[in-house]
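Undergrad: Below you'll find structure_16.pdb; it's PDB, C-alpha atoms and all ligand atoms.
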MODEL        1
ATOM      1  CA  MET A  23     -19.461   3.023  12.856  1.00  0.00           C
ATOM      2  CA  ASP A  24     -17.479   0.782  15.229  1.00  0.00           C
ATOM      3  CA  ASP A  25     -19.703  -2.248  14.571  1.00  0.00           C
ATOM      4  CA  CYS A  26     -19.386  -1.964  10.804  1.00  0.00           C
ATOM      5  CA  ARG A  27     -15.633  -1.432  11.042  1.00  0.00           C
ATOM      6  CA  HIS A  28     -15.241  -4.344  13.407  1.00  0.00           C
ATOM      7  CA  ARG A  29     -17.303  -6.626  11.160  1.00  0.00           C
ATOM      8  CA  LEU A  30     -15.257  -5.682   8.115  1.00  0.00           C
ATOM      9  CA  GLU A  31     -11.938  -6.109   9.872  1.00  0.00           C
ATOM     10  CA  THR A  32     -12.880  -9.447  11.388  1.00  0.00           C
ATOM     11  CA  TYR A  33     -14.217 -10.723   8.085  1.00  0.00           C
ATOM     12  CA  LEU A  34     -11.165  -9.652   6.079  1.00  0.00           C
ATOM     13  CA  LEU A  35      -8.601 -11.048   8.505  1.00  0.00           C
ATOM     14  CA  ARG A  36     -10.501 -14.322   8.635  1.00  0.00           C
ATOM     15  CA  GLU A  37     -10.677 -14.544   4.835  1.00  0.00           C
ATOM     16  CA  GLY A  38      -6.962 -14.035   4.194  1.00  0.00           C
ATOM     17  CA  ALA A  39      -6.015 -10.380   4.584  1.00  0.00           C
ATOM     18  CA  ASP A  40      -2.753  -9.908   6.478  1.00  0.00           C
ATOM     19  CA  LEU A  41      -3.273  -6.245   7.387  1.00  0.00           C
ATOM     20  CA  VAL A  42      -6.364  -4.021   7.390  1.00  0.00           C
ATOM     21  CA  GLY A  43      -6.324  -0.257   7.932  1.00  0.00           C
ATOM     22  CA  PHE A  44      -8.871   2.556   8.006  1.00  0.00           C
ATOM     23  CA  THR A  45      -8.380   6.225   7.321  1.00  0.00           C
ATOM     24  CA  SER A  46     -10.607   9.224   6.853  1.00  0.00           C
ATOM     25  CA  ALA A  47     -11.134  10.591   3.337  1.00  0.00           C
ATOM     26  CA  ALA A  48     -10.225  13.969   4.818  1.00  0.00           C
ATOM     27  CA  ASP A  49      -6.663  12.693   5.277  1.00  0.00           C
ATOM     28  CA  PHE A  50      -6.146  13.051   1.510  1.00  0.00           C
ATOM     29  CA  ALA A  51      -6.354  16.850   1.554  1.00  0.00           C
ATOM     30  CA  SER A  52      -2.885  17.152   0.003  1.00  0.00           C
ATOM     31  CA  ALA A  53      -3.465  14.474  -2.673  1.00  0.00           C
ATOM     32  CA  LEU A  54      -2.577  15.297  -6.263  1.00  0.00           C
ATOM     33  CA  ASP A  55      -5.394  16.537  -8.500  1.00  0.00           C
ATOM     34  CA  GLY A  56      -7.743  13.664  -9.299  1.00  0.00           C
ATOM     35  CA  SER A  57      -6.285  11.415  -6.609  1.00  0.00           C
ATOM     36  CA  ALA A  58      -8.511  12.222  -3.653  1.00  0.00           C
ATOM     37  CA  PRO A  59     -11.223   9.740  -2.615  1.00  0.00           C
ATOM     38  CA  SER A  60     -13.913  12.331  -3.322  1.00  0.00           C
ATOM     39  CA  ASP A  61     -12.667  12.566  -6.929  1.00  0.00           C
ATOM     40  CA  HIS A  62     -13.920   9.007  -7.363  1.00  0.00           C
ATOM     41  CA  LEU A  63     -16.865   8.636  -4.990  1.00  0.00           C
ATOM     42  CA  LYS A  64     -19.223  11.443  -4.081  1.00  0.00           C
ATOM     43  CA  ASP A  65     -19.486  11.924  -0.318  1.00  0.00           C
ATOM     44  CA  ALA A  66     -16.492   9.702   0.340  1.00  0.00           C
ATOM     45  CA  ARG A  67     -15.832   9.519   4.055  1.00  0.00           C
ATOM     46  CA  SER A  68     -13.420   6.644   4.605  1.00  0.00           C
ATOM     47  CA  VAL A  69     -10.790   4.565   2.886  1.00  0.00           C
ATOM     48  CA  LEU A  70     -10.231   0.947   3.843  1.00  0.00           C
ATOM     49  CA  THR A  71      -6.872  -0.527   2.843  1.00  0.00           C
ATOM     50  CA  ILE A  72      -6.179  -4.262   2.678  1.00  0.00           C
ATOM     51  CA  ALA A  73      -2.690  -5.754   2.482  1.00  0.00           C
ATOM     52  CA  VAL A  74      -1.656  -9.301   1.650  1.00  0.00           C
ATOM     53  CA  ARG A  75       1.939 -10.435   2.033  1.00  0.00           C
ATOM     54  CA  VAL A  76       4.017 -11.282  -1.033  1.00  0.00           C
ATOM     55  CA  ASP A  77       6.533 -14.101  -0.854  1.00  0.00           C
ATOM     56  CA  ALA A  78       9.610 -12.357  -2.305  1.00  0.00           C
ATOM     57  CA  PRO A  79      12.456 -12.500   0.219  1.00  0.00           C
ATOM     58  CA  PRO A  80      15.922 -11.090  -0.521  1.00  0.00           C
ATOM     59  CA  GLY A  81      17.498 -12.844  -3.476  1.00  0.00           C
ATOM     60  CA  THR A  82      14.179 -13.318  -5.314  1.00  0.00           C
ATOM     61  CA  LYS A  83      14.559 -12.594  -9.025  1.00  0.00           C
ATOM     62  CA  LYS A  84      12.390  -9.917 -10.629  1.00  0.00           C
ATOM     63  CA  LYS A  85      10.214 -12.323 -12.660  1.00  0.00           C
ATOM     64  CA  ARG A  86       9.459 -14.402  -9.606  1.00  0.00           C
ATOM     65  CA  ALA A  87       8.744 -11.322  -7.488  1.00  0.00           C
ATOM     66  CA  MET A  88       6.375 -10.012 -10.173  1.00  0.00           C
ATOM     67  CA  ALA A  89       4.630 -13.385 -10.376  1.00  0.00           C
ATOM     68  CA  GLU A  90       4.283 -13.512  -6.611  1.00  0.00           C
ATOM     69  CA  TRP A  91       2.798 -10.003  -6.594  1.00  0.00           C
ATOM     70  CA  ARG A  92       0.431 -10.732  -9.480  1.00  0.00           C
ATOM     71  CA  GLY A  93      -0.667 -13.896  -7.747  1.00  0.00           C
ATOM     72  CA  LYS A  94      -2.016 -11.763  -4.925  1.00  0.00           C
ATOM     73  CA  VAL A  95      -4.025  -9.426  -7.132  1.00  0.00           C
ATOM     74  CA  PHE A  96      -7.007 -11.732  -7.709  1.00  0.00           C
ATOM     75  CA  PRO A  97      -7.370 -12.789  -4.053  1.00  0.00           C
ATOM     76  CA  LEU A  98      -7.103  -9.124  -3.055  1.00  0.00           C
ATOM     77  CA  CYS A  99      -9.766  -8.098  -5.559  1.00  0.00           C
ATOM     78  CA  GLU A 100     -12.035 -10.877  -4.314  1.00  0.00           C
ATOM     79  CA  LEU A 101     -11.525  -9.816  -0.697  1.00  0.00           C
ATOM     80  CA  ALA A 102     -12.260  -6.199  -1.578  1.00  0.00           C
ATOM     81  CA  PHE A 103     -15.311  -7.145  -3.643  1.00  0.00           C
ATOM     82  CA  LYS A 104     -16.748  -9.124  -0.738  1.00  0.00           C
ATOM     83  CA  ALA A 105     -16.001  -6.310   1.709  1.00  0.00           C
ATOM     84  CA  SER A 106     -17.729  -3.869  -0.622  1.00  0.00           C
ATOM     85  CA  ARG A 107     -20.771  -6.179  -0.651  1.00  0.00           C
ATOM     86  CA  LEU A 108     -20.867  -6.019   3.131  1.00  0.00           C
ATOM     87  CA  LEU A 109     -20.923  -2.232   2.862  1.00  0.00           C
ATOM     88  CA  PHE A 110     -23.652  -2.315   0.190  1.00  0.00           C
ATOM     89  CA  ASP A 111     -25.680  -4.599   2.445  1.00  0.00           C
ATOM     90  CA  GLU A 112     -25.547  -1.852   5.064  1.00  0.00           C
ATOM     91  CA  SER A 113     -26.760   0.688   2.468  1.00  0.00           C
ATOM     92  CA  TYR A 114     -23.401   2.350   1.872  1.00  0.00           C
ATOM     93  CA  HIS A 115     -21.657   3.007  -1.401  1.00  0.00           C
ATOM     94  CA  ALA A 116     -18.250   1.485  -1.923  1.00  0.00           C
ATOM     95  CA  LEU A 117     -15.743   1.746  -4.742  1.00  0.00           C
ATOM     96  CA  VAL A 118     -12.904  -0.744  -4.996  1.00  0.00           C
ATOM     97  CA  VAL A 119      -9.631   0.824  -6.171  1.00  0.00           C
ATOM     98  CA  PRO A 120      -7.626  -2.080  -7.583  1.00  0.00           C
ATOM     99  CA  PRO A 121      -3.911  -2.663  -7.178  1.00  0.00           C
ATOM    100  CA  ALA A 122      -1.846  -0.709  -9.677  1.00  0.00           C
ATOM    101  CA  THR A 123      -3.217  -1.032 -13.187  1.00  0.00           C
ATOM    102  CA  ARG A 124      -0.721  -1.086 -16.043  1.00  0.00           C
ATOM    103  CA  SER A 125      -1.149   2.631 -16.758  1.00  0.00           C
ATOM    104  CA  ALA A 126      -0.820   3.443 -13.073  1.00  0.00           C
ATOM    105  CA  TYR A 127       2.231   1.207 -12.885  1.00  0.00           C
ATOM    106  CA  GLU A 128       3.847   3.005 -15.794  1.00  0.00           C
ATOM    107  CA  ALA A 129       3.098   6.382 -14.263  1.00  0.00           C
ATOM    108  CA  LEU A 130       3.815   5.161 -10.725  1.00  0.00           C
ATOM    109  CA  GLN A 131       0.538   6.835  -9.756  1.00  0.00           C
ATOM    110  CA  GLY A 132      -2.841   5.160  -9.239  1.00  0.00           C
ATOM    111  CA  GLU A 133      -6.395   6.459  -8.772  1.00  0.00           C
ATOM    112  CA  ILE A 134      -5.570   7.096  -5.133  1.00  0.00           C
ATOM    113  CA  SER A 135      -2.318   6.357  -3.366  1.00  0.00           C
ATOM    114  CA  HIS A 136      -2.696   3.013  -1.602  1.00  0.00           C
ATOM    115  CA  LYS A 137       0.565   3.514   0.225  1.00  0.00           C
ATOM    116  CA  HIS A 138      -0.404   6.905   1.591  1.00  0.00           C
ATOM    117  CA  ALA A 139      -3.726   5.467   2.720  1.00  0.00           C
ATOM    118  CA  ALA A 140      -1.736   2.702   4.415  1.00  0.00           C
ATOM    119  CA  VAL A 141       0.527   5.196   6.204  1.00  0.00           C
ATOM    120  CA  LYS A 142      -2.435   7.277   7.354  1.00  0.00           C
ATOM    121  CA  SER A 143      -4.153   4.173   8.649  1.00  0.00           C
ATOM    122  CA  GLY A 144      -1.064   3.043  10.576  1.00  0.00           C
ATOM    123  CA  LEU A 145       0.054   0.069   8.485  1.00  0.00           C
ATOM    124  CA  GLY A 146       3.604   1.264   7.811  1.00  0.00           C
ATOM    125  CA  CYS A 147       5.877   4.088   6.697  1.00  0.00           C
ATOM    126  CA  ILE A 148       7.243   5.221   3.349  1.00  0.00           C
ATOM    127  CA  GLY A 149      10.786   3.855   3.195  1.00  0.00           C
ATOM    128  CA  LYS A 150      13.791   5.343   1.432  1.00  0.00           C
ATOM    129  CA  SER A 151      12.751   3.236  -1.558  1.00  0.00           C
ATOM    130  CA  SER A 152       9.522   5.262  -1.608  1.00  0.00           C
ATOM    131  CA  LEU A 153       7.653   1.991  -1.094  1.00  0.00           C
ATOM    132  CA  LEU A 154       5.322   1.315   1.778  1.00  0.00           C
ATOM    133  CA  VAL A 155       7.361  -0.533   4.424  1.00  0.00           C
ATOM    134  CA  THR A 156       5.330  -2.468   6.973  1.00  0.00           C
ATOM    135  CA  PRO A 157       6.871  -3.718  10.232  1.00  0.00           C
ATOM    136  CA  GLU A 158       5.579  -7.212   9.499  1.00  0.00           C
ATOM    137  CA  PHE A 159       6.504  -7.753   5.846  1.00  0.00           C
ATOM    138  CA  GLY A 160       8.626  -4.772   4.819  1.00  0.00           C
ATOM    139  CA  PRO A 161       7.605  -3.608   1.335  1.00  0.00           C
ATOM    140  CA  ARG A 162       6.529  -7.138   0.328  1.00  0.00           C
ATOM    141  CA  VAL A 163       2.805  -6.539   0.329  1.00  0.00           C
ATOM    142  CA  ALA A 164       0.135  -6.104  -2.315  1.00  0.00           C
ATOM    143  CA  LEU A 165      -2.406  -3.405  -1.538  1.00  0.00           C
ATOM    144  CA  ILE A 166      -5.982  -2.635  -2.467  1.00  0.00           C
ATOM    145  CA  SER A 167      -8.262   0.105  -1.180  1.00  0.00           C
ATOM    146  CA  ILE A 168     -11.989   0.669  -0.891  1.00  0.00           C
ATOM    147  CA  ILE A 169     -13.455   4.161  -0.864  1.00  0.00           C
ATOM    148  CA  THR A 170     -16.789   4.357   0.913  1.00  0.00           C
ATOM    149  CA  ASP A 171     -19.300   6.891   2.158  1.00  0.00           C
ATOM    150  CA  ALA A 172     -19.540   4.942   5.418  1.00  0.00           C
ATOM    151  CA  ASP A 173     -17.855   6.640   8.344  1.00  0.00           C
ATOM    152  CA  LEU A 174     -15.491   3.888   9.444  1.00  0.00           C
ATOM    153  CA  GLY A 175     -13.309   6.111  11.610  1.00  0.00           C
ATOM    154  CA  GLY A 176      -9.670   6.940  11.055  1.00  0.00           C
ATOM    155  CA  GLY A 177      -6.481   5.243  12.047  1.00  0.00           C
ATOM    156  CA  ARG A 178      -3.420   6.434  13.860  1.00  0.00           C
ATOM    157  CA  GLU A 179      -0.891   7.629  11.288  1.00  0.00           C
ATOM    158  CA  PHE A 180       2.297   5.572  11.271  1.00  0.00           C
ATOM    159  CA  ARG A 181       5.030   7.998  12.336  1.00  0.00           C
ATOM    160  CA  GLU A 182       8.008   5.747  13.016  1.00  0.00           C
ATOM    161  CA  ASP A 183      10.843   5.756  10.452  1.00  0.00           C
ATOM    162  CA  LEU A 184      11.554   2.044  10.023  1.00  0.00           C
ATOM    163  CA  CYS A 185      14.594   2.711   7.810  1.00  0.00           C
ATOM    164  CA  GLY A 186      16.831   4.357  10.392  1.00  0.00           C
ATOM    165  CA  ASP A 187      20.466   4.000   9.288  1.00  0.00           C
ATOM    166  CA  CYS A 188      19.702   1.292   6.728  1.00  0.00           C
ATOM    167  CA  ASP A 189      20.424   2.266   3.138  1.00  0.00           C
ATOM    168  CA  ILE A 190      20.324  -1.114   1.416  1.00  0.00           C
ATOM    169  CA  CYS A 191      17.859   0.037  -1.224  1.00  0.00           C
ATOM    170  CA  VAL A 192      20.060   3.051  -1.951  1.00  0.00           C
ATOM    171  CA  GLN A 193      23.059   0.742  -2.384  1.00  0.00           C
ATOM    172  CA  VAL A 194      21.396  -1.969  -4.498  1.00  0.00           C
ATOM    173  CA  CYS A 195      19.594   0.341  -6.908  1.00  0.00           C
ATOM    174  CA  PRO A 196      21.353  -0.150 -10.259  1.00  0.00           C
ATOM    175  CA  VAL A 197      20.500   3.328 -11.520  1.00  0.00           C
ATOM    176  CA  GLU A 198      22.682   5.968  -9.974  1.00  0.00           C
ATOM    177  CA  ASP A 199      20.990   8.670  -7.980  1.00  0.00           C
ATOM    178  CA  THR A 200      17.504   7.163  -8.244  1.00  0.00           C
ATOM    179  CA  VAL A 201      16.886   6.076  -4.679  1.00  0.00           C
ATOM    180  CA  ASN A 202      18.023   8.898  -2.465  1.00  0.00           C
ATOM    181  CA  GLU A 203      17.481   9.920   1.064  1.00  0.00           C
ATOM    182  CA  GLU A 204      15.713  13.188   0.389  1.00  0.00           C
ATOM    183  CA  GLU A 205      12.362  13.734   1.952  1.00  0.00           C
ATOM    184  CA  LYS A 206       9.464  15.722   0.568  1.00  0.00           C
ATOM    185  CA  ASP A 207       6.507  16.580   2.753  1.00  0.00           C
ATOM    186  CA  GLY A 208       7.887  14.180   5.350  1.00  0.00           C
ATOM    187  CA  TYR A 209       8.092  11.223   2.934  1.00  0.00           C
ATOM    188  CA  TYR A 210      11.115   9.709   1.196  1.00  0.00           C
ATOM    189  CA  MET A 211      10.947  10.058  -2.575  1.00  0.00           C
ATOM    190  CA  ILE A 212      12.724   8.346  -5.458  1.00  0.00           C
ATOM    191  CA  ARG A 213      13.369   9.891  -8.857  1.00  0.00           C
ATOM    192  CA  LYS A 214      10.523   8.058 -10.537  1.00  0.00           C
ATOM    193  CA  GLU A 215      11.520   8.940 -14.070  1.00  0.00           C
ATOM    194  CA  ARG A 216      14.816   7.067 -13.644  1.00  0.00           C
ATOM    195  CA  CYS A 217      13.398   3.912 -12.103  1.00  0.00           C
ATOM    196  CA  ILE A 218      13.726   0.804 -14.317  1.00  0.00           C
ATOM    197  CA  LYS A 219      11.366  -1.202 -12.062  1.00  0.00           C
ATOM    198  CA  CYS A 220      13.938  -3.877 -11.306  1.00  0.00           C
ATOM    199  CA  TYR A 221      12.238  -4.810  -8.005  1.00  0.00           C
ATOM    200  CA  LEU A 222      15.529  -4.838  -6.079  1.00  0.00           C
ATOM    201  CA  CYS A 223      14.354  -2.257  -3.552  1.00  0.00           C
ATOM    202  CA  TYR A 224      11.248  -4.424  -3.070  1.00  0.00           C
ATOM    203  CA  THR A 225      13.012  -7.733  -2.534  1.00  0.00           C
ATOM    204  CA  GLU A 226      16.188  -6.654  -0.737  1.00  0.00           C
ATOM    205  CA  CYS A 227      14.684  -4.643   2.108  1.00  0.00           C
ATOM    206  CA  PRO A 228      15.645  -6.411   5.338  1.00  0.00           C
ATOM    207  CA  ILE A 229      12.484  -5.496   7.214  1.00  0.00           C
ATOM    208  CA  GLY A 230      10.092  -8.418   7.477  1.00  0.00           C
ATOM    209  CA  ALA A 231      12.382 -10.468   5.224  1.00  0.00           C
ATOM    210  CA  GLY A 232      11.836 -13.668   7.184  1.00  0.00           C
ATOM    211  CA  ASN A 233       8.080 -13.303   7.349  1.00  0.00           C
ATOM    212  CA  THR A 234       6.913 -13.590   3.783  1.00  0.00           C
ATOM    213  CA  GLY A 235       5.781 -17.194   3.377  1.00  0.00           C
ATOM    214  CA  HIS A 236       2.182 -17.974   2.470  1.00  0.00           C
TER     215      HIS A 236
HETATM  216  S1  LIG A 301      16.069  -1.276   2.356  1.00  0.00           S
HETATM  217 FE1  LIG A 301      16.500  -0.203   4.277  1.00  0.00          FE
HETATM  218  S2  LIG A 301      16.442   1.957   3.709  1.00  0.00           S
HETATM  219 FE2  LIG A 301      15.432   0.861   2.059  1.00  0.00          FE
HETATM  220  S3  LIG A 301      13.246   0.864   2.574  1.00  0.00           S
HETATM  221 FE3  LIG A 301      14.106  -1.013   3.444  1.00  0.00          FE
HETATM  222  S4  LIG A 301      14.664  -0.456   5.559  1.00  0.00           S
HETATM  223 FE4  LIG A 301      14.388   1.449   4.406  1.00  0.00          FE
HETATM  224  S1  LIG A 302      12.909  -0.605  -8.690  1.00  0.00           S
HETATM  225 FE1  LIG A 302      15.120  -0.809  -9.106  1.00  0.00          FE
HETATM  226  S2  LIG A 302      15.620   1.038 -10.330  1.00  0.00           S
HETATM  227 FE2  LIG A 302      13.650   1.441  -9.339  1.00  0.00          FE
HETATM  228  S3  LIG A 302      14.178   2.500  -7.455  1.00  0.00           S
HETATM  229 FE3  LIG A 302      13.984   0.295  -6.935  1.00  0.00          FE
HETATM  230  S4  LIG A 302      16.073  -0.481  -7.097  1.00  0.00           S
HETATM  231 FE4  LIG A 302      16.050   1.493  -8.172  1.00  0.00          FE
ENDMDL
END
Can you turn what I pasted into structure tokens?
Ligand code: SF4
Ligand code: SF4
TA:
Amino acid sequence: MDDCRHRLETYLLREGADLVGFTSAADFASALDGSAPSDHLKDARSVLTIAVRVDAPPGTKKKRAMAEWRGKVFPLCELAFKASRLLFDESYHALVVPPATRSAYEALQGEISHKHAAVKSGLGCIGKSSLLVTPEFGPRVALISIITDADLGGGREFREDLCGDCDICVQVCPVEDTVNEEEKDGYYMIRKERCIKCYLCYTECPIGAGNTGH
């Protein structure tokens, strides 16, 4: 287990990943129907999450932020594809769960929750914006996950609240009462149905704001 995990992590960081996390498939016990790893891969045991930074510091316009994010999708898919080949080479099954597809983007729900996998594997917390917030890059990351039947071990869940007294995303959100400070099941939530996907909570978060260059 440790050797395979170490090989994957070393390979991914060398090839361009900024963050790599591992969590057990069992950590998705409270996932919505159809969103658990085992709903997609029989005998799923682990989820590997890869993050690449997105260059969208405060002040970045929505179109530019979207372009920066989209520009990371192909490299992420390539990284995940190659990592899945490493797993296949060791006789494991691996299913790449891509970054949000259009339908997932519209519904704000993907095949599995990349951000919850990231929290469980210790990469960051869910901020008041309901986005994954990493200590290194804030919410400015693109994520991809791989579900595998290899036992890659779990991570240490990220338990720190990086937001603290900050409420910038609450203040900049143009739709009243969309970003709020309520928590559900220990995570901050937004009112998804009101969100106009303006990207302001993504770009204006101060955490990691100076650390987004390529
Ligand atoms: S802008 Fe502030 S409150 Fe919102 S996610 Fe970032 S750190 Fe948290
Ligand atoms: S994307 Fe825009 S509308 Fe949606 S929660 Fe963030 S700031 Fe509010």
Undergrad: Which of these residues is nearest to A:Phe44, using only C-alpha atoms: A:Arg178, A:Val118, A:Ala164, A:Ala66?
TA: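 Comparing A:Arg178, A:Val118, A:Ala164, A:Ala66 against A:Phe44, the winner is A:Arg178.
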Undergrad: For a quick check of understanding, using only C-alpha atoms, which of A:Asn202, A:Ser60, A:Ser135, A:Thr71 has the smallest distance to A:Ala39?
TA: A:Thr71
Undergrad: Kindly resolve the PyMOL selection byres (((not hetatm)) within 6 of (chain A and resi 302)) on the present coordinates and return the residues as a list in words.
TA: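 The output of the PyMOL selection byres (((not hetatm)) within 6 of (chain A and resi 302)) on this file is Cys195, Pro196, Val197, Thr200, Val201, Cys217, Ile218, Lys219, Cys220, Tyr221, Leu222 and Cys223 of chain A.
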Undergrad: Could you tell me how far atom CA of A:Val119 lies from atom CA of A:Gly93, in Å and to one decimal?
TA: 17.3 Å
Undergrad: Grab the atom CA of A:His136 to atom CA of A:Val194 distance for me, in Å with one decimal place.
TA: 24.8 Å
Undergrad: Please return the centre and edge lengths, in Å to one decimal, of a box with edges along x, y and z that contains all listed atoms of stretch 169-172 of chain A, widened by 4 Å on every side, as lines of an AutoDock Vina configuration file.
TA:
center_x = -16.5
center_y = 5.5
center_z = 2.3
size_x = 14.1
size_y = 10.7
size_z = 14.3
Undergrad: Can you turn the PyMOL selection byres (((chain A and resi 169-176) around 7) and not hetatm) into a concrete residue list for this file, as a PDB file with C-alpha atoms, in the frame of the given file?
TA:
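Contents of the output file out04.pdb:
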ATOM      1  CA  MET A  23     -19.461   3.023  12.856  1.00  0.00           C
ATOM      2  CA  ASP A  24     -17.479   0.782  15.229  1.00  0.00           C
ATOM      3  CA  ARG A  27     -15.633  -1.432  11.042  1.00  0.00           C
ATOM      4  CA  PHE A  44      -8.871   2.556   8.006  1.00  0.00           C
ATOM      5  CA  THR A  45      -8.380   6.225   7.321  1.00  0.00           C
ATOM      6  CA  SER A  46     -10.607   9.224   6.853  1.00  0.00           C
ATOM      7  CA  PRO A  59     -11.223   9.740  -2.615  1.00  0.00           C
ATOM      8  CA  LEU A  63     -16.865   8.636  -4.990  1.00  0.00           C
ATOM      9  CA  ASP A  65     -19.486  11.924  -0.318  1.00  0.00           C
ATOM     10  CA  ALA A  66     -16.492   9.702   0.340  1.00  0.00           C
ATOM     11  CA  ARG A  67     -15.832   9.519   4.055  1.00  0.00           C
ATOM     12  CA  SER A  68     -13.420   6.644   4.605  1.00  0.00           C
ATOM     13  CA  VAL A  69     -10.790   4.565   2.886  1.00  0.00           C
ATOM     14  CA  LEU A  70     -10.231   0.947   3.843  1.00  0.00           C
ATOM     15  CA  TYR A 114     -23.401   2.350   1.872  1.00  0.00           C
ATOM     16  CA  HIS A 115     -21.657   3.007  -1.401  1.00  0.00           C
ATOM     17  CA  ALA A 116     -18.250   1.485  -1.923  1.00  0.00           C
ATOM     18  CA  LEU A 117     -15.743   1.746  -4.742  1.00  0.00           C
ATOM     19  CA  VAL A 118     -12.904  -0.744  -4.996  1.00  0.00           C
ATOM     20  CA  SER A 143      -4.153   4.173   8.649  1.00  0.00           C
ATOM     21  CA  SER A 167      -8.262   0.105  -1.180  1.00  0.00           C
ATOM     22  CA  ILE A 168     -11.989   0.669  -0.891  1.00  0.00           C
ATOM     23  CA  GLY A 177      -6.481   5.243  12.047  1.00  0.00           C
ATOM     24  CA  ARG A 178      -3.420   6.434  13.860  1.00  0.00           C
TER      25      ARG A 178
END
Undergrad: Could you give me stretch 174-190 of chain A completed to N, CA and C atoms, formatted as a CSV table (one decimal), in the coordinates of the input?
TA:
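Saved as part_0.csv:
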chain,number,residue,atom,x,y,z
A,174,LEU,N,-16.1,5.0,8.8
A,174,LEU,CA,-15.5,3.9,9.4
A,174,LEU,C,-14.4,4.3,10.5
A,175,GLY,N,-14.3,5.6,10.7
A,175,GLY,CA,-13.3,6.1,11.6
A,175,GLY,C,-11.9,6.1,11.0
A,176,GLY,N,-11.0,6.9,11.6
A,176,GLY,CA,-9.7,6.9,11.1
A,176,GLY,C,-8.7,6.0,11.8
A,177,GLY,N,-7.5,6.0,11.4
A,177,GLY,CA,-6.5,5.2,12.0
A,177,GLY,C,-5.5,6.2,12.7
A,178,ARG,N,-4.5,5.6,13.3
A,178,ARG,CA,-3.4,6.4,13.9
A,178,ARG,C,-2.3,6.4,12.9
A,179,GLU,N,-1.9,7.6,12.3
A,179,GLU,CA,-0.9,7.6,11.3
A,179,GLU,C,0.4,7.0,11.8
A,180,PHE,N,1.0,6.2,10.9
A,180,PHE,CA,2.3,5.6,11.3
A,180,PHE,C,3.4,6.6,11.2
A,181,ARG,N,4.1,6.9,12.3
A,181,ARG,CA,5.0,8.0,12.3
A,181,ARG,C,6.5,7.5,12.5
A,182,GLU,N,6.7,6.2,12.8
A,182,GLU,CA,8.0,5.7,13.0
A,182,GLU,C,8.7,5.6,11.7
A,183,ASP,N,10.0,6.0,11.6
A,183,ASP,CA,10.8,5.8,10.5
A,183,ASP,C,11.5,4.4,10.6
A,184,LEU,N,11.0,3.4,9.9
A,184,LEU,CA,11.6,2.0,10.0
A,184,LEU,C,12.9,1.9,9.4
A,185,CYS,N,13.3,2.8,8.5
A,185,CYS,CA,14.6,2.7,7.8
A,185,CYS,C,15.8,3.0,8.7
A,186,GLY,N,15.7,4.0,9.5
A,186,GLY,CA,16.8,4.4,10.4
A,186,GLY,C,18.1,4.5,9.6
A,187,ASP,N,19.2,3.9,10.0
A,187,ASP,CA,20.5,4.0,9.3
A,187,ASP,C,20.6,3.1,8.1
A,188,CYS,N,19.6,2.2,7.9
A,188,CYS,CA,19.7,1.3,6.7
A,188,CYS,C,19.7,2.1,5.4
A,189,ASP,N,20.5,1.7,4.5
A,189,ASP,CA,20.4,2.3,3.1
A,189,ASP,C,20.6,1.2,2.1
A,190,ILE,N,20.1,0.0,2.4
A,190,ILE,CA,20.3,-1.1,1.4
A,190,ILE,C,19.7,-0.8,0.1
